[in-house]
>>> print(open('data-v6.txt').read())   # compact mmCIF, C-alpha atoms and all ligand atoms
# COMPACT_ATOMS: atom_id res chain seq x y z
CA MET A 116 90.85 94.62 66.47
CA SER A 117 91.41 97.73 68.55
CA GLU A 118 90.82 97.63 72.27
CA ALA A 119 91.73 100.18 74.93
CA PHE A 120 91.88 101.00 78.59
CA VAL A 121 90.10 104.30 79.12
CA THR A 122 90.24 106.72 82.04
CA LEU A 123 89.08 110.25 82.84
CA ALA A 124 90.73 113.28 84.44
CA THR A 125 89.02 116.66 84.72
CA THR A 126 91.58 118.22 87.11
CA ASP A 127 95.37 118.15 87.56
CA GLY A 128 94.95 115.96 90.66
CA TYR A 129 93.04 113.27 88.78
CA ALA A 130 95.50 113.72 85.89
CA LEU A 131 98.30 112.66 88.27
CA GLY A 132 96.18 109.64 89.13
CA ALA A 133 95.72 108.88 85.43
CA LEU A 134 99.49 109.12 84.84
CA VAL A 135 100.26 106.62 87.60
CA LEU A 136 97.44 104.36 86.37
CA GLY A 137 98.87 104.49 82.83
CA GLN A 138 102.35 103.68 84.13
CA SER A 139 100.97 100.79 86.18
CA LEU A 140 99.37 99.33 83.03
CA LYS A 141 102.68 99.69 81.17
CA ALA A 142 104.51 98.04 84.07
CA VAL A 143 102.37 94.91 83.66
CA LYS A 144 103.02 95.05 79.90
CA THR A 145 99.52 95.54 78.62
CA GLU A 146 99.05 94.90 74.91
CA ARG A 147 96.05 97.20 74.70
CA LYS A 148 95.91 100.91 73.83
CA LEU A 149 95.73 103.55 76.56
CA CYS A 150 93.24 106.38 76.22
CA VAL A 151 92.48 109.27 78.57
CA MET A 152 89.62 111.77 78.39
CA ILE A 153 90.35 115.21 79.83
CA THR A 154 88.64 118.59 80.00
CA ASP A 155 90.31 121.94 79.36
CA HIS A 156 90.76 122.41 83.13
CA VAL A 157 93.84 120.17 82.96
CA SER A 158 97.04 122.24 82.74
CA ASP A 159 99.37 122.13 79.73
CA LEU A 160 102.14 120.47 81.73
CA LEU A 161 99.92 117.58 82.81
CA LYS A 162 98.39 117.36 79.33
CA ARG A 163 101.84 117.02 77.76
CA ASN A 164 102.70 114.27 80.22
CA LEU A 165 99.44 112.46 79.50
CA GLU A 166 100.24 112.66 75.77
CA ALA A 167 103.58 110.98 76.42
CA THR A 168 102.05 108.14 78.46
CA PHE A 169 98.75 107.52 76.68
CA ASP A 170 98.22 106.57 73.03
CA GLU A 171 95.28 108.94 72.85
CA VAL A 172 94.32 112.06 74.84
CA ILE A 173 90.79 113.21 74.08
CA VAL A 174 89.54 116.60 75.20
CA VAL A 175 85.84 116.35 75.95
CA ASN A 176 83.74 119.45 76.22
CA VAL A 177 80.57 119.07 78.23
CA LEU A 178 78.91 121.90 76.33
CA ASP A 179 79.53 120.43 72.90
CA SER A 180 76.14 118.99 72.28
CA LYS A 181 73.03 121.11 72.17
CA ASP A 182 70.28 118.50 71.95
CA THR A 183 67.48 118.44 74.51
CA ALA A 184 68.78 115.56 76.58
CA HIS A 185 72.20 117.17 76.88
CA LEU A 186 70.69 120.51 77.80
CA LYS A 187 68.44 118.92 80.41
CA LEU A 188 71.46 117.16 81.84
CA LEU A 189 73.32 120.44 82.17
CA GLU A 190 70.57 121.56 84.55
CA ARG A 191 71.77 118.85 86.92
CA PRO A 192 75.12 120.18 88.12
CA GLU A 193 75.40 117.30 90.60
CA LEU A 194 75.89 115.02 87.60
CA GLY A 195 78.79 117.04 86.17
CA VAL A 196 81.60 114.50 86.21
CA THR A 197 79.17 111.62 85.68
CA PHE A 198 78.09 113.23 82.46
CA THR A 199 81.70 113.54 81.39
CA LYS A 200 82.37 109.86 82.20
CA LEU A 201 79.55 108.82 79.85
CA HIS A 202 81.63 110.19 76.98
CA CYS A 203 83.67 106.98 77.10
CA TRP A 204 80.86 105.35 75.06
CA ILE A 205 81.65 107.70 72.15
CA LEU A 206 85.06 106.15 71.49
CA GLU A 207 83.89 103.99 68.58
CA GLN A 208 87.44 103.75 67.22
CA TYR A 209 87.71 100.86 69.72
CA GLN A 210 85.68 97.66 69.53
CA LYS A 211 85.83 97.09 73.26
CA CYS A 212 87.13 99.06 76.23
CA VAL A 213 87.81 98.76 79.93
CA PHE A 214 87.08 101.93 81.85
CA LEU A 215 89.25 102.49 84.93
CA ASP A 216 88.82 105.33 87.43
CA ALA A 217 91.91 107.54 87.62
CA ASP A 218 92.29 106.51 91.28
CA CYS A 219 93.02 102.89 90.34
CA LEU A 220 96.40 101.15 90.45
CA VAL A 221 96.98 97.99 88.41
CA LEU A 222 99.17 95.38 90.14
CA GLN A 223 98.91 92.46 87.69
CA SER A 224 97.89 92.13 84.05
CA VAL A 225 94.16 92.59 83.46
CA ASP A 226 94.18 92.19 79.66
CA ASP A 227 91.94 89.12 80.10
CA LEU A 228 89.13 91.56 80.88
CA PHE A 229 88.69 92.06 77.13
CA GLU A 230 87.24 88.54 76.93
CA ARG A 231 84.22 89.86 78.87
CA GLU A 232 81.10 91.50 77.48
CA GLU A 233 79.33 94.79 78.29
CA LEU A 234 78.60 95.48 81.05
CA SER A 235 80.98 93.56 83.27
CA ALA A 236 82.05 94.90 86.66
CA SER A 237 82.86 93.83 90.22
CA PRO A 238 80.39 93.99 93.09
CA ASP A 239 80.55 97.08 95.28
CA ALA A 240 81.82 96.32 98.77
CA GLY A 241 79.12 98.48 100.34
CA TRP A 242 76.16 96.91 98.50
CA PRO A 243 77.15 93.80 96.51
CA ASP A 244 73.99 93.77 94.33
CA ILE A 245 75.34 97.01 92.89
CA PHE A 246 78.47 97.02 90.72
CA ASN A 247 81.28 99.43 91.47
CA SER A 248 81.67 101.76 88.49
CA GLY A 249 85.40 102.34 88.97
CA VAL A 250 86.26 99.37 86.73
CA PHE A 251 83.99 98.14 83.94
CA VAL A 252 84.10 96.45 80.54
CA TYR A 253 81.98 98.10 77.87
CA LYS A 254 81.43 98.39 74.13
CA PRO A 255 81.73 101.93 72.74
CA SER A 256 78.61 102.92 70.83
CA LYS A 257 77.24 106.39 70.06
CA ASP A 258 73.80 104.85 70.18
CA THR A 259 74.34 103.63 73.76
CA TYR A 260 75.84 107.03 74.62
CA GLU A 261 72.70 108.84 73.43
CA LYS A 262 70.50 106.41 75.35
CA LEU A 263 72.57 106.93 78.50
CA VAL A 264 72.37 110.72 78.19
CA LYS A 265 68.62 110.57 77.69
CA PHE A 266 68.26 108.16 80.60
CA ALA A 267 70.41 110.39 82.81
CA SER A 268 68.44 113.53 82.00
CA GLU A 269 65.15 111.75 82.75
CA GLN A 270 66.08 109.56 85.70
CA GLY A 271 69.12 111.17 87.27
CA SER A 272 71.23 109.05 89.60
CA PHE A 273 70.12 107.59 92.90
CA ASP A 274 73.50 108.27 94.48
CA GLY A 275 74.27 111.48 92.61
CA GLY A 276 77.15 109.88 90.69
CA ASP A 277 77.92 107.64 87.74
CA GLN A 278 77.60 104.47 89.82
CA GLY A 279 73.92 105.06 90.58
CA LEU A 280 73.18 106.02 87.00
CA LEU A 281 75.00 103.11 85.36
CA ASN A 282 73.54 100.58 87.79
CA LYS A 283 70.04 101.77 87.00
CA TYR A 284 70.70 101.64 83.26
CA PHE A 285 72.42 98.24 83.34
CA SER A 286 69.98 97.00 85.96
CA SER A 287 70.09 93.36 84.87
CA TRP A 288 73.71 93.12 86.07
CA ALA A 289 72.78 91.89 89.54
CA ARG A 290 70.95 88.75 88.45
CA ALA A 291 71.03 88.08 84.70
CA ASP A 292 74.47 86.67 83.93
CA ILE A 293 77.20 85.66 86.35
CA SER A 294 79.88 85.98 83.61
CA ARG A 295 79.36 89.74 83.83
CA HIS A 296 80.37 89.68 87.50
CA LEU A 297 84.10 90.35 87.67
CA PRO A 298 85.94 88.94 90.68
CA PHE A 299 86.36 91.43 93.50
CA THR A 300 90.15 91.20 92.96
CA TYR A 301 89.69 93.35 89.81
CA ASN A 302 88.44 96.28 91.87
CA VAL A 303 89.54 96.10 95.50
CA THR A 304 88.30 99.32 97.05
CA SER A 305 90.27 100.85 99.90
CA ASN A 306 87.43 100.56 102.47
CA THR A 307 88.22 96.81 102.46
CA PHE A 308 91.58 97.52 104.12
CA TYR A 309 89.59 98.46 107.22
CA SER A 310 86.41 96.42 106.88
CA TYR A 311 87.81 92.97 106.01
CA VAL A 312 91.52 92.72 106.82
CA PRO A 313 91.60 88.88 107.06
CA ALA A 314 90.25 88.63 103.49
CA VAL A 315 92.87 91.07 102.21
CA ASN A 316 95.46 88.90 103.97
CA GLN A 317 94.07 85.71 102.47
CA PHE A 318 93.78 87.02 98.89
CA ARG A 319 96.61 89.56 98.86
CA SER A 320 98.53 87.86 96.03
CA ASP A 321 95.39 87.65 93.83
CA ILE A 322 94.70 91.40 93.89
CA ARG A 323 94.91 92.82 90.37
CA ILE A 324 93.53 96.33 90.78
CA VAL A 325 93.50 98.50 93.89
CA HIS A 326 90.95 101.31 93.76
CA PHE A 327 91.52 104.26 96.12
CA ALA A 328 87.82 105.07 96.27
CA GLY A 329 86.73 107.61 98.85
CA THR A 330 87.65 111.08 99.94
CA VAL A 331 91.42 110.74 100.40
CA LYS A 332 93.28 110.28 97.13
CA PRO A 333 96.93 109.18 96.91
CA TRP A 334 98.06 112.41 95.20
CA GLN A 335 96.78 114.45 98.16
CA LEU A 336 99.30 112.86 100.54
CA THR A 337 102.87 113.93 101.19
CA TYR A 338 105.55 111.38 100.34
CA ASP A 339 109.08 111.30 101.69
CA PRO A 340 111.10 109.48 99.01
CA GLN A 341 114.23 109.06 101.16
CA ALA A 342 112.45 107.38 104.05
CA LYS A 343 109.76 105.91 101.76
CA GLN A 344 107.11 107.18 104.13
CA LEU A 345 103.76 108.88 103.86
CA SER A 346 102.16 111.60 105.90
CA GLY A 347 99.19 110.58 108.06
CA CYS A 348 98.33 107.35 109.78
CA TYR A 349 97.13 104.42 107.69
CA GLN A 350 96.18 100.83 108.27
CA SER A 351 99.03 98.56 107.11
CA PHE A 352 97.47 97.33 103.82
CA GLU A 353 96.35 100.81 102.90
CA ARG A 354 99.86 102.08 103.59
CA GLU A 355 101.38 99.28 101.51
CA PHE A 356 99.28 100.11 98.44
CA LEU A 357 99.55 103.89 98.86
CA LEU A 358 103.33 103.45 99.01
CA LYS A 359 103.23 101.37 95.83
CA TRP A 360 101.32 104.20 94.13
CA TRP A 361 103.87 106.75 95.36
CA GLU A 362 106.91 104.68 94.40
CA LEU A 363 105.61 104.42 90.84
CA MET A 364 104.74 108.12 90.90
CA TYR A 365 108.19 109.07 92.12
CA GLU A 366 110.05 106.87 89.64
CA THR A 367 108.03 107.34 86.48
CA VAL A 368 105.90 110.49 86.70
CA TRP A 369 107.65 112.94 89.02
CA PRO A 370 110.89 113.28 86.98
CA ASN A 371 108.91 114.68 84.03
CA LEU A 372 106.95 117.22 86.02
CA SER A 373 109.71 119.66 86.90
N1 LIG B 1 86.85 112.37 88.18
C1 LIG B 1 87.47 113.47 87.61
N2 LIG B 1 87.36 114.69 88.25
C2 LIG B 1 86.67 114.86 89.42
C3 LIG B 1 86.06 113.74 89.99
C4 LIG B 1 86.17 112.50 89.35
O1 LIG B 1 88.11 113.37 86.59
O2 LIG B 1 86.63 116.00 89.94
C5 LIG B 1 86.91 111.07 87.48
C6 LIG B 1 88.16 110.29 87.81
O3 LIG B 1 88.49 109.43 86.76
C7 LIG B 1 87.69 109.53 89.02
C8 LIG B 1 86.28 109.13 88.60
O4 LIG B 1 85.81 110.27 87.88
O5 LIG B 1 88.52 108.43 89.33
C9 LIG B 1 85.32 108.80 89.74
O6 LIG B 1 85.49 109.69 90.82
P1 LIG B 1 86.20 109.22 92.18
O7 LIG B 1 87.25 108.21 91.85
O8 LIG B 1 86.64 110.45 92.92
O9 LIG B 1 85.01 108.51 92.96
P2 LIG B 1 85.15 107.33 94.06
O10 LIG B 1 85.81 106.17 93.37
O11 LIG B 1 85.98 107.87 95.19
O12 LIG B 1 83.73 107.04 94.43
MN MN B 2 87.38 106.05 92.06
>>> encode(input="data-v6.txt", output="structure tokens", more="lines below")
Ligand code: UDP
Ligand code: MN
Amino acid sequence: MSEAFVTLATTDGYALGALVLGQSLKAVKTERKLCVMITDHVSDLLKRNLEATFDEVIVVNVLDSKDTAHLKLLERPELGVTFTKLHCWILEQYQKCVFLDADCLVLQSVDDLFEREELSASPDAGWPDIFNSGVFVYKPSKDTYEKLVKFASEQGSFDGGDQGLLNKYFSSWARADISRHLPFTYNVTSNTFYSYVPAVNQFRSDIRIVHFAGTVKPWQLTYDPQAKQLSGCYQSFEREFLLKWWELMYETVWPNLS
């Protein structure tokens, strides 16, 4: 039975994120395959590094398919990356997958996620009846992929991104089956480090995945490896996790980039 963690990187910045994510999964000794989808905007250097870290690097081309739904979707440039993310359903060489945004960092093993069914995800901190689409369990299926593309071209996304689209498609998530609700500790988004510090304190040791959702991504910061410090001013938990990301980056990714 083949199962994989899947991520996506359409730029060199997100590719750095994917590399650290891949290394974080290796650090917790995952027994699953690692797969990354990229576009041809990713440079050769980063692509070579991704090939060394991931079992499979798949180049997806948004213009590949010429059917009506695809063409309609291309008229919605706001859905560009969303459309690319949907390609994860094509990976039928795997029976089950866990999609992780490239801005996620795994702190403890999450291989138990493969016991869950499609579509399992954690509640979004901003609107808990909506799941956050940075971490989700799904079953690859070209049939589902085609349905999603058709749905996207007809309905679009209420928030302009993949989260709005996937929540509308898997709209029973909120109420149908509690086993499809992952604990929040599987997708702790960085806004929590400001909005609910006592809870982060209380559940710190349970956190399995930190998700640097939002406009500032770890790879955009400047790290001083000698002093182990970061540029900018961050709340203490955010700094702790950003430093973890950078330490892994500096030890496992950086040496192969020069
Ligand atoms: N992504 C990408 N290129 C982009 C934007 C997004 O490859 O230009 C991928 C990447 O895997 C990223 C995910 O899509 O983690 C979702 O975007 P992002 O994490 O920026 O959204 P947020 O979690 O901040 O809402
Ligand atoms: Mn994200």
>>> residues_around(input="data-v6.txt", residues="Glu166 in chain A", least_positions_apart="3", cutoff="12 Å", atoms="all atoms listed in the file", output="PyMOL selection string")
chain A and resi 130+133-134+137+149-153+159-163+169-174
>>> closest_residue(input="data-v6.txt", among="A:Ala184, A:Val157, A:Val303, A:Ala167", to="Leu222 in chain A", atoms="only C-alpha atoms")
A:Val303
>>> residues_near_ligand(input="data-v6.txt", ligand="ligand MN 2 (chain B)", cutoff="10 Å", atoms="only C-alpha atoms and all ligand atoms", output="PyMOL selection string")
chain A and resi 129+132+215-219+247-250+302+304-305+325-330+332
>>> closest_residue(input="data-v6.txt", among="A:Tyr284, A:Tyr253, A:Trp334, A:Trp361", to="ligand LIG 1 (chain B)", atoms="only C-alpha atoms and all ligand atoms")
A:Trp334
>>> residues_around(input="data-v6.txt", residues="range 258-261 of chain A", least_positions_apart="3", cutoff="12 Å", atoms="only C-alpha atoms", output="list in words")
Ser180, Asp182, Thr183, Ala184, His185, Leu188, Phe198, Thr199, Lys200, Leu201, His202, Cys203, Trp204, Ile205, Leu206, Glu207, Glu233, Leu234, Tyr253, Lys254, Pro255, Val264, Lys265, Phe266, Ala267, Ser268, Leu281, Tyr284 and Phe285 of chain A
>>> axis_aligned_box(input="data-v6.txt", around="ligand LIG 1 (chain B)", padding_each_side="8 Å", output="AutoDock Vina command-line options")
--center_x 86.1 --center_y 111.1 --center_z 90.9 --size_x 20.8 --size_y 25.8 --size_z 24.6
>>> closest_residue(input="data-v6.txt", among="A:Gln278, A:Ser139, A:Gln341, A:Gln210", to="ligand LIG 1 (chain B)", atoms="only C-alpha atoms and all ligand atoms")
A:Gln278
>>> atom_distance(input="data-v6.txt", atom1="atom O1 of ligand LIG 1 (chain B)", atom2="CA of Thr197 in chain A")
9.2 Å
>>> atom_distance(input="data-v6.txt", atom1="CA of Val331 in chain A", atom2="CA of Val315 in chain A")
19.8 Å
>>> residues_around(input="data-v6.txt", residues="Ala119 in chain A", least_positions_apart="6", cutoff="7 Å", atoms="only C-alpha atoms", output="PDB file with C-alpha atoms, in the frame of the given file")
ATOM      1  CA  ARG A 147      96.050  97.200  74.700  1.00  0.00           C
ATOM      2  CA  LYS A 148      95.910 100.910  73.830  1.00  0.00           C
ATOM      3  CA  LEU A 149      95.730 103.550  76.560  1.00  0.00           C
ATOM      4  CA  CYS A 150      93.240 106.380  76.220  1.00  0.00           C
ATOM      5  CA  TYR A 209      87.710 100.860  69.720  1.00  0.00           C
ATOM      6  CA  LYS A 211      85.830  97.090  73.260  1.00  0.00           C
ATOM      7  CA  CYS A 212      87.130  99.060  76.230  1.00  0.00           C
ATOM      8  CA  VAL A 213      87.810  98.760  79.930  1.00  0.00           C
TER       9      VAL A 213
END
>>> atom_distance(input="data-v6.txt", atom1="atom C5 of ligand LIG 1 (chain B)", atom2="CA of Ala124 in chain A")
5.4 Å
>>> closest_residue(input="data-v6.txt", among="A:Gly276, A:Pro192, A:Pro238, A:Gly347", to="ligand LIG 1 (chain B)", atoms="only C-alpha atoms and all ligand atoms")
A:Gly276
>>> closest_residue(input="data-v6.txt", among="A:Ser235, A:Thr367, A:Asn164, A:Gln208", to="Lys141 in chain A", atoms="all atoms listed in the file")
A:Thr367
>>> closest_residue(input="data-v6.txt", among="A:Ala142, A:Leu136, A:Leu220, A:Leu123", to="ligand LIG 1 (chain B)", atoms="only C-alpha atoms and all ligand atoms")
A:Leu123
